[in-house]
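Data block below; observations after.
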Amino acid sequence: MIRLQGLSMHYTLGASRIDVLRDVDLSVPAGQTVAVTGPSGSGKTSLLLLLAGLERPAAGQVWLDGLRLNTLGRDALADLRRDRIGIIFQSFHLLPSLTALDNAALPLQIAGRRDALPQARALLERVGLGARLHHYPSQLSGGEQQRVAIARALVHRPAVLLADEPTGNLDDHTGEKVRELLFELQRDIGTTLVLVTHDPDFAARCDRVLRL
């Protein structure tokens with residue numbers, strides 16, 4: 001499902017060059033769960049951005065679900081994210097002007113799916129938010145907002161789910177409930193999960209743990 005070959009990435013600040021990733025090789029089969037760990041600044045989030053086609057590598061190749069991302073233009077990458085990739089951020093990134101239902105339905109609406117709202121409603125009910133469908137993000141707790149974000153990331157049944165510290169802004173009790181929900185939905189859908197986390201217990205639930 002995911003293959004990286006000789007992947008490198010760097011930033012240039014004035015006369016200085018900062019190497020973020022150097023010559024990374026990785027293969028992840030379909031349906032596997034992988035945790036990426038390591039200290040701050042080691043390139044974990046940069047790796048997710050490269051997998052999502054939101055950044056371009058300085059060198060090397062990225063394949064996702066049989067497609068070589070390096071050869072795709074901006075529109076094709078946007079289509080790939082719409083159809084085959086789900087992304088969960090630490091800070092939720094819900095649209096404040098949309099209700100929970102509309103936020104969760106957004107990927108399907110962008111794709112022109114007529115069943116966008118029924119599908120989003122069913123998934124929000126699955127994550128325990130059936131009574132909060134018409135609430136806005138400002139009216140939801142952090143845990144509720146993250147559950148909406150998980151529903152939005154999975155509503156189109158993506159081949160790959162990328163999660164960047166998805167419980168980093170939650171208290172321990174709420175974070176545990178969100179972790180259980182995330183793995184439950186991942187198993188049901190059969191999506192491939194790449195999870196960035198500093199939490200060793202969270203990482204240990206994955207099939208593989210990789211350290212940068």
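Residues are named by chain letter and number: chains run A, B, ... in the order of the structure tokens, numbers start at 1 in each chain, and ligands are numbered from 1 in the order shown.
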
Determine, using only C-alpha atoms, which residues of stretch 73-127 of chain A have any atom at most 12 Å from an atom of stretch 39-49 of chain A, and tabulate each with its shortest atom pair and distance in Å to one decimal place, rows ordered by chain and then rising number, as a tab-separated table.
residue	atom	partner	partner_atom	distance
A:Leu77	CA	A:Leu49	CA	12.0
A:Arg81	CA	A:Leu49	CA	11.4
A:Ile85	CA	A:Leu48	CA	11.2
A:Gly86	CA	A:Leu48	CA	11.3
A:Ile87	CA	A:Leu48	CA	9.1
A:Ile88	CA	A:Leu48	CA	10.6
A:Phe89	CA	A:Thr45	CA	10.1
A:Gln90	CA	A:Thr45	CA	10.8

Residues from the last selection, C-alpha atoms, saved as an mmCIF file, in the first residue's frame:
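Full text of again22.cif as output:
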data_model
loop_
_atom_site.group_PDB
_atom_site.id
_atom_site.type_symbol
_atom_site.label_atom_id
_atom_site.label_comp_id
_atom_site.auth_asym_id
_atom_site.auth_seq_id
_atom_site.Cartn_x
_atom_site.Cartn_y
_atom_site.Cartn_z
ATOM 1 C CA LEU A 77 -2.785 14.837 -5.706
ATOM 2 C CA ARG A 81 -6.403 12.770 -1.018
ATOM 3 C CA ILE A 85 -6.409 9.219 1.970
ATOM 4 C CA GLY A 86 -7.830 10.236 5.335
ATOM 5 C CA ILE A 87 -5.920 12.655 7.564
ATOM 6 C CA ILE A 88 -6.395 13.310 11.288
ATOM 7 C CA PHE A 89 -4.598 16.271 12.855
ATOM 8 C CA GLN A 90 -3.760 16.942 16.490
#

Item to complete: Show which residues sit within 10 Å of A:Ala30, as a VMD selection string. Count only C-alpha atoms, and ignore same-chain residues fewer than 6 positions away.
Response: chain A and resid 1 to 2 65 159 to 160 190 to 193

Selected residues written out with N, CA and C atoms, as a PDB file, in the first residue's frame:
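Output below, filename selection-v1.pdb:
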ATOM      1  N   MET A   1       0.827  -1.212   0.000  1.00  0.00           N
ATOM      2  CA  MET A   1       0.000   0.000   0.000  1.00  0.00           C
ATOM      3  C   MET A   1       0.862   1.264   0.000  1.00  0.00           C
ATOM      4  N   ILE A   2       1.958   1.232   0.784  1.00  0.00           N
ATOM      5  CA  ILE A   2       2.898   2.364   0.840  1.00  0.00           C
ATOM      6  C   ILE A   2       4.297   1.846   0.573  1.00  0.00           C
ATOM      7  N   ASP A  65      -0.786   3.226  -2.793  1.00  0.00           N
ATOM      8  CA  ASP A  65      -1.875   2.497  -3.460  1.00  0.00           C
ATOM      9  C   ASP A  65      -1.618   2.356  -4.961  1.00  0.00           C
ATOM     10  N   ALA A 159      -8.125   4.235   1.621  1.00  0.00           N
ATOM     11  CA  ALA A 159      -7.154   3.144   1.626  1.00  0.00           C
ATOM     12  C   ALA A 159      -6.083   3.367   2.682  1.00  0.00           C
ATOM     13  N   VAL A 160      -5.754   4.636   2.943  1.00  0.00           N
ATOM     14  CA  VAL A 160      -4.693   4.989   3.885  1.00  0.00           C
ATOM     15  C   VAL A 160      -5.206   6.062   4.833  1.00  0.00           C
ATOM     16  N   GLY A 190     -10.624  -1.645   7.385  1.00  0.00           N
ATOM     17  CA  GLY A 190      -9.479  -2.327   6.796  1.00  0.00           C
ATOM     18  C   GLY A 190      -8.462  -1.376   6.198  1.00  0.00           C
ATOM     19  N   THR A 191      -8.496  -0.120   6.612  1.00  0.00           N
ATOM     20  CA  THR A 191      -7.577   0.863   6.064  1.00  0.00           C
ATOM     21  C   THR A 191      -6.177   0.688   6.643  1.00  0.00           C
ATOM     22  N   THR A 192      -5.184   1.122   5.902  1.00  0.00           N
ATOM     23  CA  THR A 192      -3.798   1.118   6.369  1.00  0.00           C
ATOM     24  C   THR A 192      -3.574   2.374   7.200  1.00  0.00           C
ATOM     25  N   LEU A 193      -3.033   2.204   8.404  1.00  0.00           N
ATOM     26  CA  LEU A 193      -2.869   3.333   9.323  1.00  0.00           C
ATOM     27  C   LEU A 193      -1.394   3.632   9.545  1.00  0.00           C
TER      28      LEU A 193
END

Would you pick out the contacts of A:Ala58 at 9 Å or less, using only C-alpha atoms, so that residues sharing its chain but fewer than 3 positions from it are not included, and give the list as an mmCIF file with all heavy atoms, in the first residue's frame?
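Saved as part.cif:
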data_model
loop_
_atom_site.group_PDB
_atom_site.id
_atom_site.type_symbol
_atom_site.label_atom_id
_atom_site.label_comp_id
_atom_site.auth_asym_id
_atom_site.auth_seq_id
_atom_site.Cartn_x
_atom_site.Cartn_y
_atom_site.Cartn_z
ATOM 1 N N LEU A 7 14.002 8.103 0.202
ATOM 2 C CA LEU A 7 13.293 9.368 0.424
ATOM 3 C C LEU A 7 14.133 10.319 1.271
ATOM 4 O O LEU A 7 14.584 9.972 2.371
ATOM 5 C CB LEU A 7 11.968 9.090 1.122
ATOM 6 C CG LEU A 7 10.972 10.242 1.156
ATOM 7 C CD1 LEU A 7 10.457 10.535 -0.246
ATOM 8 C CD2 LEU A 7 9.804 9.912 2.083
ATOM 9 N N SER A 8 14.306 11.529 0.779
ATOM 10 C CA SER A 8 15.043 12.561 1.506
ATOM 11 C C SER A 8 14.291 13.879 1.410
ATOM 12 O O SER A 8 13.610 14.160 0.419
ATOM 13 C CB SER A 8 16.458 12.738 0.937
ATOM 14 O OG SER A 8 17.216 11.553 1.080
ATOM 15 N N MET A 9 14.443 14.680 2.466
ATOM 16 C CA MET A 9 13.784 15.983 2.509
ATOM 17 C C MET A 9 14.640 16.931 3.335
ATOM 18 O O MET A 9 15.204 16.535 4.367
ATOM 19 C CB MET A 9 12.389 15.843 3.123
ATOM 20 C CG MET A 9 11.600 17.132 3.192
ATOM 21 S SD MET A 9 9.959 16.831 3.921
ATOM 22 C CE MET A 9 9.277 18.481 3.861
ATOM 23 N N HIS A 10 14.745 18.171 2.893
ATOM 24 C CA HIS A 10 15.489 19.163 3.671
ATOM 25 C C HIS A 10 14.856 20.535 3.514
ATOM 26 O O HIS A 10 14.102 20.798 2.577
ATOM 27 C CB HIS A 10 16.969 19.198 3.261
ATOM 28 C CG HIS A 10 17.192 19.637 1.841
ATOM 29 N ND1 HIS A 10 17.405 18.741 0.817
ATOM 30 C CD2 HIS A 10 17.217 20.874 1.271
ATOM 31 C CE1 HIS A 10 17.559 19.398 -0.320
ATOM 32 N NE2 HIS A 10 17.443 20.697 -0.072
#

Go through stretch 107-136 of chain A residue by residue and, counting only C-alpha atoms, keep those with an atom at most 10 Å from stretch 142-148 of chain A; for each kept residue give the shortest atom pair and its distance in Å to one decimal, ordered by chain and increasing number, as CSV.
residue,atom,partner,partner_atom,distance
A:Ala120,CA,A:Val148,CA,9.5
A:Leu123,CA,A:Val148,CA,9.1
A:Leu124,CA,A:Val148,CA,6.8
A:Arg126,CA,A:Arg147,CA,9.9
A:Val127,CA,A:Arg147,CA,6.5
A:Gly128,CA,A:Arg147,CA,8.4
A:Leu129,CA,A:Glu144,CA,7.5
A:Arg132,CA,A:Glu144,CA,8.8
A:Leu133,CA,A:Val148,CA,9.4
A:Tyr136,CA,A:Gln145,CA,9.2

Those same residues, written as a PDB file, in the first residue's frame with C-alpha atoms?
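Done, and the output landed in again_14.pdb:
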ATOM      1  CA  ALA A 120     -21.757  11.085   7.622  1.00  0.00           C
ATOM      2  CA  LEU A 123     -20.610   7.404  11.128  1.00  0.00           C
ATOM      3  CA  LEU A 124     -21.196  10.203  13.637  1.00  0.00           C
ATOM      4  CA  ARG A 126     -21.208   5.227  15.361  1.00  0.00           C
ATOM      5  CA  VAL A 127     -18.749   7.485  17.216  1.00  0.00           C
ATOM      6  CA  GLY A 128     -21.391   8.502  19.747  1.00  0.00           C
ATOM      7  CA  LEU A 129     -22.313  11.918  18.372  1.00  0.00           C
ATOM      8  CA  ARG A 132     -24.567  16.508  18.314  1.00  0.00           C
ATOM      9  CA  LEU A 133     -25.056  16.443  14.537  1.00  0.00           C
ATOM     10  CA  TYR A 136     -20.767  23.696  15.583  1.00  0.00           C
TER      11      TYR A 136
END

Worksheet entry | Which of chain A fall in helix (DSSP H, G or I), as a PyMOL selection string | chain A and resi 44-51+69-71+74-84+100-110+116-126+137-139+142-154+172-189+200-204

Discussion item. Excluding A:Arg187 and its own-chain neighbours fewer than 3 positions away, which residues fall within 12 Å of it when counting only C-alpha atoms? Please give them as number ranges by chain.
Written reply: A: 30-33, 154, 157, 161, 180-184, 190-193, 206-207

Include all heavy atoms and write out the residues we just selected as a CSV table (one decimal), in the first residue's frame.
chain,number,residue,atom,x,y,z
A,30,ALA,N,-1.1,-3.5,2.8
A,30,ALA,CA,-2.4,-3.0,3.0
A,30,ALA,C,-3.0,-3.5,4.3
A,30,ALA,O,-2.8,-4.7,4.7
A,30,ALA,CB,-3.3,-3.5,1.8
A,31,GLY,N,-3.6,-2.7,5.1
A,31,GLY,CA,-4.3,-3.1,6.3
A,31,GLY,C,-3.4,-3.1,7.5
A,31,GLY,O,-3.9,-3.2,8.6
A,32,GLN,N,-2.1,-2.8,7.4
A,32,GLN,CA,-1.2,-2.8,8.5
A,32,GLN,C,-1.3,-1.5,9.3
A,32,GLN,O,-1.6,-0.4,8.7
A,32,GLN,CB,0.2,-3.0,8.1
A,32,GLN,CG,1.2,-3.3,9.2
A,32,GLN,CD,2.6,-3.7,8.7
A,32,GLN,OE1,3.3,-2.9,8.2
A,32,GLN,NE2,2.9,-5.0,8.8
A,33,THR,N,-1.1,-1.5,10.6
A,33,THR,CA,-1.0,-0.3,11.4
A,33,THR,C,0.4,-0.1,11.8
A,33,THR,O,1.1,-1.0,12.3
A,33,THR,CB,-1.9,-0.4,12.7
A,33,THR,OG1,-1.5,-1.6,13.4
A,33,THR,CG2,-3.4,-0.6,12.3
A,154,LEU,N,-12.6,9.2,7.8
A,154,LEU,CA,-12.9,7.8,7.5
A,154,LEU,C,-14.2,7.7,6.7
A,154,LEU,O,-14.6,6.6,6.2
A,154,LEU,CB,-13.0,6.9,8.7
A,154,LEU,CG,-11.6,6.7,9.4
A,154,LEU,CD1,-11.9,6.0,10.7
A,154,LEU,CD2,-10.7,5.8,8.5
A,157,ARG,N,-14.1,5.9,3.4
A,157,ARG,CA,-13.4,4.6,3.5
A,157,ARG,C,-12.1,4.6,2.8
A,157,ARG,O,-11.8,3.9,1.8
A,157,ARG,CB,-14.3,3.5,3.0
A,157,ARG,CG,-15.7,3.4,3.6
A,157,ARG,CD,-16.5,2.3,3.1
A,157,ARG,NE,-16.0,1.0,3.6
A,157,ARG,CZ,-16.4,0.5,4.7
A,157,ARG,NH1,-17.2,1.1,5.6
A,157,ARG,NH2,-15.9,-0.7,5.1
A,161,LEU,N,-4.9,5.9,6.1
A,161,LEU,CA,-5.3,6.9,7.1
A,161,LEU,C,-4.0,7.4,7.8
A,161,LEU,O,-3.2,6.6,8.3
A,161,LEU,CB,-6.2,6.2,8.2
A,161,LEU,CG,-6.6,7.2,9.4
A,161,LEU,CD1,-7.4,8.4,8.9
A,161,LEU,CD2,-7.4,6.4,10.4
A,180,GLU,N,-9.3,4.0,21.4
A,180,GLU,CA,-10.1,2.8,21.2
A,180,GLU,C,-10.9,2.9,19.9
A,180,GLU,O,-11.1,2.0,19.1
A,180,GLU,CB,-10.9,2.5,22.4
A,180,GLU,CG,-10.2,2.1,23.6
A,180,GLU,CD,-9.6,0.7,23.6
A,180,GLU,OE1,-10.0,0.0,22.6
A,180,GLU,OE2,-8.8,0.3,24.4
A,181,LEU,N,-11.6,4.1,19.8
A,181,LEU,CA,-12.5,4.3,18.6
A,181,LEU,C,-11.7,4.3,17.3
A,181,LEU,O,-12.1,3.7,16.3
A,181,LEU,CB,-13.1,5.7,18.8
A,181,LEU,CG,-14.0,6.1,17.6
A,181,LEU,CD1,-15.2,5.2,17.5
A,181,LEU,CD2,-14.4,7.6,17.9
A,182,LEU,N,-10.5,4.9,17.3
A,182,LEU,CA,-9.7,4.9,16.1
A,182,LEU,C,-9.3,3.5,15.6
A,182,LEU,O,-9.5,3.2,14.4
A,182,LEU,CB,-8.4,5.7,16.4
A,182,LEU,CG,-7.4,5.9,15.2
A,182,LEU,CD1,-8.1,6.6,14.0
A,182,LEU,CD2,-6.2,6.6,15.7
A,183,PHE,N,-8.9,2.7,16.5
A,183,PHE,CA,-8.5,1.3,16.1
A,183,PHE,C,-9.7,0.5,15.7
A,183,PHE,O,-9.6,-0.4,14.8
A,183,PHE,CB,-7.6,0.6,17.2
A,183,PHE,CG,-6.2,1.1,17.3
A,183,PHE,CD1,-5.8,1.8,18.4
A,183,PHE,CD2,-5.3,0.8,16.2
A,183,PHE,CE1,-4.5,2.3,18.4
A,183,PHE,CE2,-4.0,1.3,16.3
A,183,PHE,CZ,-3.6,2.0,17.4
A,184,GLU,N,-10.8,0.7,16.4
A,184,GLU,CA,-12.0,-0.1,16.1
A,184,GLU,C,-12.5,0.2,14.7
A,184,GLU,O,-12.8,-0.7,13.9
A,184,GLU,CB,-13.1,0.3,17.1
A,184,GLU,CG,-14.4,-0.4,16.8
A,184,GLU,CD,-15.5,0.1,17.7
A,184,GLU,OE1,-15.2,0.5,18.8
A,184,GLU,OE2,-16.7,0.0,17.3
A,190,GLY,N,-10.6,-1.6,7.4
A,190,GLY,CA,-9.5,-2.3,6.8
A,190,GLY,C,-8.5,-1.4,6.2
A,190,GLY,O,-7.6,-1.8,5.4
A,191,THR,N,-8.5,-0.1,6.6
A,191,THR,CA,-7.6,0.9,6.1
A,191,THR,C,-6.2,0.7,6.6
A,191,THR,O,-6.0,0.2,7.7
A,191,THR,CB,-8.1,2.3,6.3
A,191,THR,OG1,-7.4,3.2,5.6
A,191,THR,CG2,-8.0,2.6,7.8
A,192,THR,N,-5.2,1.1,5.9
A,192,THR,CA,-3.8,1.1,6.4
A,192,THR,C,-3.6,2.4,7.2
A,192,THR,O,-3.9,3.5,6.8
A,192,THR,CB,-2.8,1.1,5.2
A,192,THR,OG1,-3.1,0.0,4.3
A,192,THR,CG2,-1.4,1.0,5.6
A,193,LEU,N,-3.0,2.2,8.4
A,193,LEU,CA,-2.9,3.3,9.3
A,193,LEU,C,-1.4,3.6,9.5
A,193,LEU,O,-0.6,2.7,9.9
A,193,LEU,CB,-3.5,3.0,10.7
A,193,LEU,CG,-3.3,4.0,11.8
A,193,LEU,CD1,-3.9,5.4,11.5
A,193,LEU,CD2,-3.8,3.4,13.1
A,206,CYS,N,0.0,-0.8,17.7
A,206,CYS,CA,0.1,-0.9,16.2
A,206,CYS,C,0.9,-2.2,15.9
A,206,CYS,O,1.6,-2.8,16.7
A,206,CYS,CB,0.9,0.2,15.6
A,206,CYS,SG,-0.1,1.8,15.7
A,207,ASP,N,0.8,-2.7,14.7
A,207,ASP,CA,1.5,-3.9,14.2
A,207,ASP,C,3.0,-3.7,14.2
A,207,ASP,O,3.7,-4.6,14.5
A,207,ASP,CB,1.0,-4.3,12.8
A,207,ASP,CG,-0.5,-4.6,12.8
A,207,ASP,OD1,-1.0,-5.2,13.7
A,207,ASP,OD2,-1.1,-4.2,11.7

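The spacing separating atom CA of A:Ala204 from atom CA of A:Asp19 amounts to 27.9 Å.
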
Practice prompt. From a DSSP calculation on the backbone, collect every residue of stretch 25-195 of chain A in strand (DSSP E or B) and output the set as an MDAnalysis selection string.
Written response: chainID A and resid 25:28 33:37 59:64 67:68 85:88 160:164 192:195

Expected file contents, prior selection, N, CA and C atoms, as a compact mmCIF listing (two decimals), in the first residue's frame:
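Dumped everything to again18.txt:
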# COMPACT_ATOMS: atom_id res chain seq x y z
N ASP A 25 13.83 4.19 3.35
CA ASP A 25 13.16 3.11 2.62
C ASP A 25 12.12 2.49 3.55
N LEU A 26 10.93 2.22 3.01
CA LEU A 26 9.86 1.66 3.83
C LEU A 26 8.82 1.02 2.95
N SER A 27 8.31 -0.14 3.38
CA SER A 27 7.16 -0.78 2.72
C SER A 27 6.12 -1.10 3.78
N VAL A 28 4.87 -0.77 3.49
CA VAL A 28 3.76 -1.04 4.41
C VAL A 28 2.67 -1.75 3.64
N THR A 33 -1.08 -1.53 10.58
CA THR A 33 -1.02 -0.33 11.40
C THR A 33 0.43 -0.11 11.80
N VAL A 34 0.92 1.11 11.57
CA VAL A 34 2.33 1.45 11.81
C VAL A 34 2.39 2.71 12.65
N ALA A 35 3.15 2.66 13.72
CA ALA A 35 3.40 3.85 14.54
C ALA A 35 4.78 4.39 14.21
N VAL A 36 4.88 5.69 14.04
CA VAL A 36 6.15 6.37 13.80
C VAL A 36 6.45 7.21 15.03
N THR A 37 7.57 6.92 15.69
CA THR A 37 7.93 7.60 16.92
C THR A 37 9.28 8.29 16.74
N ALA A 59 14.57 14.15 -2.77
CA ALA A 59 15.05 13.00 -3.55
C ALA A 59 14.24 11.78 -3.13
N GLY A 60 14.22 10.77 -4.00
CA GLY A 60 13.53 9.53 -3.69
C GLY A 60 12.12 9.49 -4.24
N GLN A 61 11.46 8.37 -4.00
CA GLN A 61 10.14 8.10 -4.57
C GLN A 61 9.14 7.71 -3.48
N VAL A 62 7.87 8.10 -3.71
CA VAL A 62 6.77 7.72 -2.82
C VAL A 62 5.69 7.06 -3.66
N TRP A 63 5.35 5.82 -3.33
CA TRP A 63 4.21 5.14 -3.96
C TRP A 63 3.12 4.95 -2.92
N LEU A 64 1.88 5.22 -3.31
CA LEU A 64 0.75 5.03 -2.42
C LEU A 64 -0.39 4.40 -3.22
N LEU A 67 0.20 4.24 -6.93
CA LEU A 67 0.48 5.49 -7.64
C LEU A 67 1.79 6.10 -7.16
N ARG A 68 2.60 6.58 -8.10
CA ARG A 68 3.84 7.26 -7.73
C ARG A 68 3.55 8.74 -7.57
N ILE A 85 -7.17 8.89 0.77
CA ILE A 85 -6.41 9.22 1.97
C ILE A 85 -7.31 9.92 2.97
N GLY A 86 -7.21 9.52 4.24
CA GLY A 86 -7.83 10.24 5.34
C GLY A 86 -6.73 10.80 6.22
N ILE A 87 -6.94 12.00 6.74
CA ILE A 87 -5.92 12.66 7.56
C ILE A 87 -6.57 13.15 8.85
N ILE A 88 -5.95 12.83 9.98
CA ILE A 88 -6.40 13.31 11.29
C ILE A 88 -5.27 14.14 11.89
N VAL A 160 -5.75 4.64 2.94
CA VAL A 160 -4.69 4.99 3.89
C VAL A 160 -5.21 6.06 4.83
N LEU A 161 -4.94 5.87 6.13
CA LEU A 161 -5.27 6.86 7.14
C LEU A 161 -3.97 7.35 7.77
N LEU A 162 -3.76 8.66 7.75
CA LEU A 162 -2.58 9.29 8.33
C LEU A 162 -3.02 10.08 9.55
N ALA A 163 -2.45 9.78 10.71
CA ALA A 163 -2.86 10.43 11.96
C ALA A 163 -1.64 11.03 12.65
N ASP A 164 -1.70 12.34 12.88
CA ASP A 164 -0.58 13.07 13.49
C ASP A 164 -0.94 13.46 14.92
N THR A 192 -5.18 1.12 5.90
CA THR A 192 -3.80 1.12 6.37
C THR A 192 -3.57 2.37 7.20
N LEU A 193 -3.03 2.20 8.40
CA LEU A 193 -2.87 3.33 9.32
C LEU A 193 -1.39 3.63 9.54
N VAL A 194 -1.02 4.90 9.37
CA VAL A 194 0.29 5.39 9.76
C VAL A 194 0.06 6.45 10.82
N LEU A 195 0.53 6.17 12.02
CA LEU A 195 0.24 6.98 13.20
C LEU A 195 1.54 7.59 13.74

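Minimum atom-to-atom distances from A:Leu98, A:Val196, A:Ala149, A:Leu4 to A:Gly168 were compared using only C-alpha atoms, and the lowest value belongs to A:Val196.
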
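Minimum atom-to-atom distances from A:Arg208, A:Phe202, A:Arg22, A:His134 to A:Lys177 were compared using only C-alpha atoms, and the lowest value belongs to A:Phe202.
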
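Reported to one decimal place, the separation of atom CA of A:Glu55 from atom CA of A:Gly73 is 11.9 Å.
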
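Proximity to A:Ala100 was assessed for A:Ala116, A:Leu72, A:Ala151, A:Val178 counting only C-alpha atoms; the smallest distance is recorded for A:Ala151.
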